[in-house]
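Pasted below: entry_20.tsv, TSV, C-alpha atoms and all ligand atoms.
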```tsv
chain	number	residue	atom	x	y	z
A	1	MET	CA	-2.44	3.84	-26.39
A	2	ARG	CA	-4.40	0.62	-25.96
A	3	ARG	CA	-2.66	-2.47	-27.23
A	4	PHE	CA	-3.63	-6.10	-27.77
A	5	ILE	CA	-1.72	-8.77	-25.91
A	6	THR	CA	-1.69	-11.71	-28.30
A	7	ALA	CA	-0.64	-15.34	-28.07
A	8	ASP	CA	2.48	-14.47	-30.09
A	9	GLU	CA	3.56	-12.04	-27.42
A	10	ILE	CA	3.05	-14.69	-24.73
A	11	ARG	CA	5.15	-17.19	-26.72
A	12	LYS	CA	7.89	-14.61	-27.16
A	13	ALA	CA	7.94	-13.71	-23.45
A	14	SER	CA	8.09	-17.39	-22.55
A	15	ARG	CA	10.97	-18.05	-24.99
A	16	GLU	CA	12.93	-15.07	-23.69
A	17	SER	CA	12.57	-15.84	-19.98
A	18	ASP	CA	15.74	-17.29	-18.55
A	19	GLY	CA	14.09	-20.31	-16.99
A	20	ASN	CA	14.75	-19.23	-13.42
A	21	GLU	CA	12.03	-16.64	-13.31
A	22	ARG	CA	8.52	-16.81	-14.67
A	23	ALA	CA	8.05	-14.68	-17.77
A	24	PHE	CA	6.23	-11.46	-17.12
A	25	ILE	CA	4.37	-9.02	-19.33
A	26	PHE	CA	3.43	-5.54	-18.19
A	27	ALA	CA	-0.02	-4.64	-19.43
A	28	GLU	CA	-1.95	-1.46	-18.81
A	29	LYS	CA	-5.49	-1.46	-17.49
A	30	ASP	CA	-6.97	-0.67	-20.91
A	31	ASP	CA	-4.91	-3.24	-22.80
A	32	VAL	CA	-6.87	-6.15	-24.20
A	33	VAL	CA	-5.69	-9.67	-23.49
A	34	THR	CA	-7.10	-12.04	-26.13
A	35	ASP	CA	-8.69	-15.27	-24.87
A	36	GLU	CA	-6.08	-17.29	-26.72
A	37	ALA	CA	-3.29	-15.27	-25.06
A	38	ARG	CA	-4.83	-15.73	-21.61
A	39	ASP	CA	-5.11	-19.50	-22.03
A	40	LEU	CA	-1.59	-19.79	-23.39
A	41	ALA	CA	-0.21	-17.63	-20.56
A	42	ARG	CA	-1.75	-20.06	-18.09
A	43	THR	CA	-0.25	-23.06	-19.88
A	44	LEU	CA	3.22	-21.55	-20.20
A	45	GLY	CA	3.20	-19.90	-16.77
A	46	VAL	CA	3.53	-16.39	-18.17
A	47	VAL	CA	2.24	-13.69	-15.82
A	48	ILE	CA	0.29	-10.77	-17.31
A	49	SER	CA	0.29	-7.88	-14.84
A	50	SER	CA	-3.24	-6.71	-15.65
A	51	GLU	CA	-4.62	-10.15	-14.79
A	52	ILE	CA	-3.48	-9.95	-11.18
A	53	SER	CA	-5.77	-8.82	-8.43
A	54	ARG	CA	-4.74	-7.97	-4.90
A	55	ARG	CA	-7.07	-7.38	-1.96
A	56	PRO	CA	-7.74	-3.67	-1.42
A	57	PHE	CA	-6.17	-2.13	1.67
A	58	ILE	CA	-7.43	1.20	2.98
A	59	CYS	CA	-5.80	2.73	6.04
A	60	ALA	CA	-6.70	5.86	7.99
A	61	ASN	CA	-3.68	7.64	9.46
A	62	PHE	CA	-4.97	9.89	12.22
A	63	LYS	CA	-1.48	11.28	12.85
A	64	MET	CA	-1.45	13.28	16.13
A	65	ASN	CA	-5.21	13.83	16.21
A	66	GLY	CA	-8.16	12.52	18.16
A	67	GLY	CA	-8.81	11.26	21.67
A	68	PRO	CA	-10.90	8.49	23.26
A	69	GLY	CA	-14.20	10.38	22.88
A	70	PHE	CA	-13.51	11.17	19.24
A	71	LEU	CA	-12.62	7.55	18.53
A	72	ASP	CA	-15.74	6.24	20.22
A	73	LYS	CA	-17.99	8.44	18.08
A	74	TYR	CA	-15.90	7.82	14.98
A	75	THR	CA	-16.17	4.04	15.27
A	76	ALA	CA	-19.94	4.14	15.62
A	77	GLU	CA	-20.25	6.52	12.69
A	78	LEU	CA	-17.96	4.50	10.47
A	79	ALA	CA	-19.90	1.31	11.24
A	80	SER	CA	-23.19	2.97	10.40
A	81	CYS	CA	-21.91	4.60	7.17
A	82	MET	CA	-20.38	1.33	6.00
A	83	ALA	CA	-23.60	-0.56	6.72
A	84	GLN	CA	-25.29	1.75	4.23
A	85	LEU	CA	-22.56	2.21	1.62
A	86	TYR	CA	-20.77	-1.12	1.52
A	87	PRO	CA	-22.07	-3.77	3.95
A	88	ASP	CA	-19.70	-6.52	2.70
A	89	TYR	CA	-16.53	-4.51	3.06
A	90	ARG	CA	-14.89	-6.64	5.75
A	91	ALA	CA	-15.05	-9.67	3.48
A	92	GLN	CA	-13.59	-7.89	0.48
A	93	ALA	CA	-11.09	-5.34	1.75
A	94	ASP	CA	-8.68	-4.68	4.59
A	95	VAL	CA	-9.82	-1.58	6.45
A	96	VAL	CA	-7.45	-0.24	9.06
A	97	ILE	CA	-7.26	2.69	11.48
A	98	ALA	CA	-3.93	4.01	12.76
A	99	PRO	CA	-4.73	6.15	15.82
A	100	PRO	CA	-2.08	7.72	18.09
A	101	ALA	CA	-0.27	5.01	20.11
A	102	PRO	CA	-2.17	5.50	23.41
A	103	LEU	CA	-5.40	4.76	21.55
A	104	VAL	CA	-4.37	1.50	19.89
A	105	ALA	CA	-5.87	-0.66	22.63
A	106	VAL	CA	-8.95	1.59	22.82
A	107	ALA	CA	-9.49	1.30	19.06
A	108	TYR	CA	-9.09	-2.46	19.21
A	109	GLY	CA	-11.71	-2.63	21.98
A	110	LEU	CA	-14.13	-0.33	20.18
A	111	SER	CA	-13.84	-2.30	16.97
A	112	ALA	CA	-15.15	-5.35	18.87
A	113	LYS	CA	-13.09	-8.19	17.43
A	114	LYS	CA	-12.22	-6.16	14.33
A	115	THR	CA	-15.78	-6.02	13.09
A	116	VAL	CA	-15.40	-2.37	12.06
A	117	TYR	CA	-11.66	-2.10	11.35
A	118	SER	CA	-8.28	-3.57	12.19
A	119	VAL	CA	-5.77	-1.42	14.02
A	120	ALA	CA	-2.31	-0.12	13.12
A	121	GLY	CA	0.37	1.72	15.03
A	122	GLN	CA	1.80	4.83	13.39
A	123	ASN	CA	5.38	3.97	14.30
A	124	SER	CA	7.34	1.42	16.31
A	125	TYR	CA	10.85	1.19	17.65
A	126	ILE	CA	13.72	-0.98	16.42
A	127	LYS	CA	13.96	-2.86	19.74
A	128	GLU	CA	11.59	-5.09	21.66
A	129	SER	CA	12.00	-3.40	25.07
A	130	GLY	CA	14.45	-1.51	27.26
A	131	ALA	CA	15.60	1.95	28.25
A	132	PHE	CA	14.18	3.88	25.29
A	133	THR	CA	12.07	6.57	26.91
A	134	GLY	CA	9.14	7.63	24.80
A	135	GLU	CA	9.43	4.89	22.19
A	136	THR	CA	6.80	2.24	21.45
A	137	SER	CA	7.64	-1.43	21.14
A	138	PRO	CA	6.03	-3.24	18.20
A	139	TYR	CA	5.45	-6.13	20.63
A	140	LEU	CA	3.37	-3.82	22.81
A	141	LEU	CA	1.40	-2.62	19.78
A	142	LYS	CA	0.65	-6.23	18.94
A	143	GLU	CA	-0.37	-7.00	22.50
A	144	CYS	CA	-2.70	-3.99	22.45
A	145	GLY	CA	-4.49	-5.34	19.38
A	146	ALA	CA	-2.61	-3.88	16.40
A	147	ASP	CA	-2.06	-6.05	13.34
A	148	TYR	CA	-0.20	-3.43	11.31
A	149	VAL	CA	2.27	-0.60	11.77
A	150	ILE	CA	3.16	2.34	9.53
A	151	THR	CA	6.92	2.39	9.01
A	152	GLY	CA	9.09	5.14	7.55
A	153	HIS	CA	6.35	7.71	7.07
A	154	SER	CA	7.83	10.86	5.48
A	155	GLU	CA	7.02	12.86	8.61
A	156	ARG	CA	9.16	10.40	10.62
A	157	ARG	CA	11.93	10.56	8.05
A	158	LYS	CA	11.89	14.35	7.83
A	159	LEU	CA	11.11	15.44	11.39
A	160	PHE	CA	12.74	12.59	13.31
A	161	GLY	CA	15.65	11.75	11.03
A	162	GLU	CA	14.70	8.18	10.17
A	163	THR	CA	17.10	6.75	7.60
A	164	ASP	CA	16.58	3.79	5.29
A	165	ALA	CA	18.77	1.72	7.63
A	166	VAL	CA	16.50	2.57	10.57
A	167	VAL	CA	13.43	1.79	8.47
A	168	ALA	CA	14.90	-1.61	7.63
A	169	GLN	CA	15.50	-2.35	11.32
A	170	LYS	CA	11.98	-1.24	12.19
A	171	LEU	CA	10.52	-3.48	9.50
A	172	LYS	CA	12.42	-6.45	10.87
A	173	THR	CA	11.46	-5.93	14.53
A	174	ALA	CA	7.84	-5.19	13.64
A	175	ILE	CA	7.56	-8.42	11.66
A	176	ASP	CA	9.25	-10.36	14.48
A	177	ALA	CA	6.54	-8.94	16.73
A	178	GLY	CA	3.83	-10.27	14.41
A	179	LEU	CA	2.88	-6.96	12.79
A	180	VAL	CA	2.52	-6.26	9.08
A	181	PRO	CA	4.44	-3.08	8.23
A	182	ILE	CA	3.09	-0.47	5.84
A	183	MET	CA	6.32	1.00	4.53
A	184	CYS	CA	6.04	4.53	3.14
A	185	LEU	CA	8.23	5.88	0.38
A	186	GLY	CA	8.10	8.93	-1.83
A	187	GLU	CA	10.01	11.88	-3.22
A	188	ASN	CA	9.80	15.51	-2.10
A	189	LEU	CA	9.02	18.40	-4.42
A	190	GLU	CA	12.63	19.35	-5.02
A	191	GLU	CA	13.48	15.76	-5.92
A	192	ARG	CA	10.58	15.55	-8.33
A	193	LYS	CA	11.42	18.87	-9.97
A	194	THR	CA	15.03	17.85	-10.48
A	195	GLY	CA	14.17	14.46	-11.96
A	196	LYS	CA	15.35	12.42	-8.99
A	197	THR	CA	12.07	10.64	-8.21
A	198	PHE	CA	13.14	7.19	-9.40
A	199	ALA	CA	16.56	7.47	-7.76
A	200	VAL	CA	14.94	8.37	-4.44
A	201	ILE	CA	12.41	5.54	-4.70
A	202	SER	CA	15.16	3.03	-5.56
A	203	GLN	CA	17.15	4.18	-2.56
A	204	MET	CA	14.16	3.86	-0.21
A	205	LEU	CA	13.42	0.37	-1.52
A	206	THR	CA	16.82	-0.72	-0.20
A	207	ALA	CA	15.13	-1.03	3.22
A	208	LEU	CA	12.89	-3.73	1.75
A	209	TYR	CA	15.87	-5.53	0.23
A	210	ALA	CA	17.85	-5.32	3.48
A	211	ILE	CA	15.53	-7.70	5.32
A	212	PRO	CA	15.23	-11.44	4.68
A	213	LEU	CA	12.92	-12.41	1.81
A	214	GLU	CA	10.48	-14.19	4.11
A	215	TYR	CA	10.14	-10.93	6.04
A	216	ALA	CA	9.87	-8.76	2.93
A	217	LYS	CA	6.89	-10.86	1.82
A	218	LYS	CA	4.88	-9.43	4.71
A	219	VAL	CA	5.41	-5.78	3.79
A	220	ILE	CA	2.81	-3.49	2.23
A	221	LEU	CA	4.17	-0.41	0.43
A	222	ALA	CA	2.64	3.06	0.39
A	223	TYR	CA	3.79	5.44	-2.31
A	224	GLU	CA	3.38	8.87	-0.78
A	225	PRO	CA	4.91	11.77	-2.68
A	226	VAL	CA	5.88	14.18	0.10
A	227	TRP	CA	4.66	17.20	-1.87
A	228	ALA	CA	1.16	15.70	-1.96
A	229	ILE	CA	0.83	14.99	1.76
A	230	GLY	CA	-1.51	17.34	3.58
A	231	THR	CA	-1.28	19.89	0.77
A	232	GLY	CA	-4.52	19.15	-1.06
A	233	MET	CA	-2.34	18.65	-4.15
A	234	ASN	CA	-2.58	14.99	-4.99
A	235	ALA	CA	-0.41	13.46	-7.68
A	236	SER	CA	-2.03	12.87	-11.07
A	237	SER	CA	-3.15	9.39	-12.05
A	238	ASP	CA	-0.33	9.24	-14.60
A	239	GLN	CA	2.29	10.23	-12.05
A	240	ILE	CA	1.03	7.65	-9.56
A	241	ALA	CA	0.82	4.89	-12.19
A	242	GLU	CA	4.30	5.70	-13.43
A	243	VAL	CA	5.92	5.47	-10.01
A	244	CYS	CA	3.90	2.40	-9.11
A	245	ALA	CA	5.08	0.64	-12.29
A	246	PHE	CA	8.64	1.70	-11.49
A	247	ILE	CA	8.36	0.22	-7.98
A	248	ARG	CA	7.03	-3.09	-9.31
A	249	LYS	CA	9.74	-3.27	-11.96
A	250	ASN	CA	12.48	-2.51	-9.43
A	251	ILE	CA	11.10	-5.20	-7.11
A	252	MET	CA	10.77	-7.65	-9.99
A	253	GLU	CA	14.44	-7.19	-10.83
A	254	LYS	CA	15.52	-7.68	-7.23
A	255	LEU	CA	13.03	-10.19	-5.83
A	256	GLY	CA	11.39	-11.77	-8.85
A	257	VAL	CA	8.16	-11.58	-10.72
A	258	ASP	CA	5.96	-13.47	-8.25
A	259	PHE	CA	7.03	-11.18	-5.44
A	260	SER	CA	6.44	-8.06	-7.49
A	261	ASN	CA	2.99	-9.31	-8.47
A	262	ALA	CA	1.96	-10.12	-4.96
A	263	ILE	CA	3.09	-7.04	-3.03
A	264	ARG	CA	0.39	-4.49	-2.36
A	265	ILE	CA	1.11	-0.86	-3.17
A	266	LEU	CA	-1.05	1.88	-1.73
A	267	TYR	CA	-1.16	5.52	-2.69
A	268	GLY	CA	-1.15	8.28	-0.07
A	269	GLY	CA	-1.18	12.05	-0.34
A	270	SER	CA	-4.36	14.17	-0.19
A	271	VAL	CA	-6.67	11.25	-0.92
A	272	ASN	CA	-10.23	12.33	-0.22
A	273	GLU	CA	-13.83	11.30	-0.85
A	274	THR	CA	-13.84	13.18	-4.18
A	275	ASN	CA	-10.68	11.80	-5.78
A	276	ALA	CA	-10.74	8.29	-4.24
A	277	LEU	CA	-12.48	6.66	-7.16
A	278	GLU	CA	-9.95	8.04	-9.60
A	279	ILE	CA	-7.16	6.64	-7.44
A	280	ALA	CA	-8.86	3.28	-6.94
A	281	VAL	CA	-8.80	2.54	-10.66
A	282	ILE	CA	-5.11	3.33	-11.21
A	283	LYS	CA	-3.33	0.29	-12.56
A	284	GLY	CA	-1.24	-1.39	-9.90
A	285	ILE	CA	-2.59	0.62	-6.95
A	286	ASP	CA	-4.18	-1.58	-4.30
A	287	GLY	CA	-5.45	0.89	-1.77
A	288	ALA	CA	-4.90	4.15	0.02
A	289	LEU	CA	-3.23	5.61	3.09
A	290	VAL	CA	-5.44	8.51	4.08
A	291	GLY	CA	-4.50	11.31	6.49
A	292	GLY	CA	-6.64	14.45	6.80
A	293	ALA	CA	-9.72	13.13	4.99
A	294	SER	CA	-9.88	10.04	7.19
A	295	LEU	CA	-10.72	12.11	10.27
A	296	LYS	CA	-14.37	12.36	9.20
A	297	ALA	CA	-15.88	8.89	9.38
A	298	VAL	CA	-18.35	9.56	6.59
A	299	ASN	CA	-15.57	10.63	4.23
A	300	PHE	CA	-13.40	7.67	5.12
A	301	ALA	CA	-16.41	5.42	4.48
A	302	LYS	CA	-16.77	6.93	0.99
A	303	ILE	CA	-13.06	6.39	0.32
A	304	ILE	CA	-13.32	2.73	1.38
A	305	SER	CA	-16.34	2.31	-0.89
A	306	ALA	CA	-14.35	3.60	-3.88
A	307	PHE	CA	-12.36	0.36	-3.64
A	308	LYS	CA	-15.36	-1.95	-4.15
A	309	PRO	CA	-14.23	-4.72	-6.50
A	310	ASP	CA	-16.90	-4.02	-9.11
A	311	ARG	CA	-15.66	-0.44	-9.44
A	312	ARG	CA	-12.10	-1.42	-10.13
A	313	SER	CA	-12.44	-4.57	-12.21
A	314	GLY	CA	-9.26	-5.44	-14.03
A	315	ASN	CA	-7.01	-3.64	-11.54
A	401	LIG	P1	-2.93	13.27	3.78
A	401	LIG	O1	-1.82	12.39	4.53
A	401	LIG	O2	-3.99	12.35	3.28
A	401	LIG	O3	-3.41	14.24	4.81
A	401	LIG	O4	-2.22	13.96	2.65
A	401	LIG	C1	-1.46	11.12	4.06
A	401	LIG	C2	-0.38	10.53	4.93
A	401	LIG	O5	0.49	11.27	5.39
A	401	LIG	O6	-0.37	9.31	5.19
```

Go ahead and render the structure in this file as structure tokens.
Amino acid sequence: MRRFITADEIRKASRESDGNERAFIFAEKDDVVTDEARDLARTLGVVISSEISRRPFICANFKMNGGPGFLDKYTAELASCMAQLYPDYRAQADVVIAPPAPLVAVAYGLSAKKTVYSVAGQNSYIKESGAFTGETSPYLLKECGADYVITGHSERRKLFGETDAVVAQKLKTAIDAGLVPIMCLGENLEERKTGKTFAVISQMLTALYAIPLEYAKKVILAYEPVWAIGTGMNASSDQIAEVCAFIRKNIMEKLGVDFSNAIRILYGGSVNETNALEIAVIKGIDGALVGGASLKAVNFAKIISAFKPDRRSGN
């Protein structure tokens, strides 16, 4: 139900804040903030969540797909689709491709100084270098042109046994290497059915709290319910908004209101060109991590375009 945020509510929030933290009011996308309330919030330093805007971040996760020829064609196609659909996108959004590790340098080269996209690794190791056959150093990813790395994807957690402690170590080393981690978190179907979603999310967030605050500030989160990944069954807008609000509240309690306002939270799990717009307007969601649907450049271009600022005003 839509509510009005009034000056009285701002005064109350300000009175009740303990002085150490800025007062914070959660407001839904449809809630109306009166002009008087907005002005007063500015004067008293009260943050209204619906007044915050974070730069959209849209990342393609190719997983174990594609080769050099595919990437070459893909890059040209994406550039041409974006020129038609959304020519200003590089100024307004972060658009990133996460190809398999051997293609990171190739992608960086093809993107010609990041004019088409920036590049991410899909995973990186907890150490800088050494006798770790088959692992990829985040320092090497950086040297090959990556700016980002996906960390703690559910496939890594499930198939390769990555724990929250390992995720925390990976975050730390990746940031030391100069990368921005995209940390994935989400419940599986069993956990959702048995009402454990929030417990699981809280547990996974411990990786964020295990690293120094200055490091945590660099992290981007991706809420990816495991049951929605690669299944064509994406979570409903209400389910996504609910978990996203839970994540921000949990972070607010641990790291403060400014931190929780600033961190970007993406959604991932069967995002495609048809449902992207619906996802782009969900309160608190700042972008998408896209697997299967990102493999067609034209579809990824449509997904990026769903995050145009004028389409998601007030988010
Ligand atoms: P999907 O994958 O879009 O194919 O569901 C998302 C992801 O795993 O990042």

Discussion item. Show me which residues are within 7 Å of ligand LIG 401 (chain A) counting all atoms listed in the file, and format the list as an MDAnalysis selection string.
Written reply: chainID A and resid 61 228:232 268:271 289:293

Discussion item. Which residues are close to Ile25 in chain A, i.e. within 8 Å by all atoms listed in the file, leaving aside same-chain residues fewer than 6 positions away? Reply as a PyMOL selection string.
Written reply: chain A and resi 10+13+46-49

Discussion item. Between CA of Ala262 in chain A and CA of Lys217 in chain A, what distance in Å does the model show, to one decimal?
Written reply: 8.4 Å

Discussion item. Could you list, as a VMD selection string, every residue within 8 Å of range 154-167 of chain A, counting all atoms listed in the file and ignoring same-chain residues fewer than 4 positions away?
Written reply: chain A and resid 126 171 184 to 186 203 to 204 206 to 207 224 226

Discussion item. Need the shell around range 272-279 of chain A: protein/DNA/RNA residues with any atom at most 10 Å away, counting all atoms listed in the file. Skip same-chain ones fewer than 2 positions apart. Format as a ChimeraX atom specification?
Written reply: /A:232,234-237,240-241,266-270,281-283,285-288,290-294,298-308,311-312

Using all atoms listed in the file, what does the table of range 164-195 of chain A residues within 6 Å of range 134-153 of chain A look like, with each row giving the shortest atom pair and its distance in Å to one decimal, sorted by chain and ascending number, as a tab-separated table?
```
residue	atom	partner	partner_atom	distance
A:Val167	CA	A:Gly152	CA	5.6
A:Ala174	CA	A:Pro138	CA	5.3
A:Ala177	CA	A:Tyr139	CA	4.9
A:Leu179	CA	A:Tyr148	CA	4.9
A:Val180	CA	A:Tyr148	CA	4.5
A:Pro181	CA	A:Val149	CA	4.8
A:Ile182	CA	A:Ile150	CA	4.6
A:Met183	CA	A:Thr151	CA	4.7
A:Cys184	CA	A:His153	CA	5.1
```

Worksheet item: In file coordinates, which residues lie within 6 Å of (11.5, 4.0, -9.5) using only C-alpha atoms, given as a ChimeraX atom specification?
Response: /A:198,201-202,243,246-247

The selected residues should be written to file as a PDB file, in the coordinates of the input (atoms: C-alpha atoms).
```pdb
ATOM      1  CA  PHE A 198      13.140   7.190  -9.400  1.00  0.00           C
ATOM      2  CA  ILE A 201      12.410   5.540  -4.700  1.00  0.00           C
ATOM      3  CA  SER A 202      15.160   3.030  -5.560  1.00  0.00           C
ATOM      4  CA  VAL A 243       5.920   5.470 -10.010  1.00  0.00           C
ATOM      5  CA  PHE A 246       8.640   1.700 -11.490  1.00  0.00           C
ATOM      6  CA  ILE A 247       8.360   0.220  -7.980  1.00  0.00           C
TER       7      ILE A 247
END
```

If you take every atom of range 87-106 of chain A that the file lists and fit an axis-aligned box around them with 3 Å extra on each side, what centre and edge lengths come out in Å to one decimal, as AutoDock Vina command-line options?
```
--center_x -11.2 --center_y -1.0 --center_z 11.9 --size_x 27.8 --size_y 23.4 --size_z 28.9
```

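Among the candidates A:Met64, A:Thr133, A:Asp8, A:Arg54, the one nearest to Ala37 in chain A when counting only C-alpha atoms is A:Asp8.
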
Discussion item. Using Å and a single decimal, report how far CA of Arg15 in chain A sits from CA of Ala41 in chain A.
Written reply: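 Those two atoms sit 12.0 Å apart.
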
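Across the structure, CA of Arg42 in chain A and CA of Ile220 in chain A are spaced 26.6 Å apart.
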
Fill in: Who sits within 8 Å of Glu187 in chain A, only C-alpha atoms, same chain under 3 positions skipped, as a count of residues only
10

Discussion item. For a quick check of understanding, using all atoms listed in the file, which of A:Tyr223, A:Asp35, A:Gly67, A:Leu103 has the smallest distance to Ile265 in chain A?
Written reply: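 Smallest distance to Ile265 in chain A is found for A:Tyr223.
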
Worksheet item: At a cut-off of 12 Å from (-8.5, -2.5, 22.2) in the coordinates of the file, what residues are picked up using only C-alpha atoms, written as an MDAnalysis selection string?
Response: chainID A and resid 68 71:72 97 99 101:114 117:120 140:147
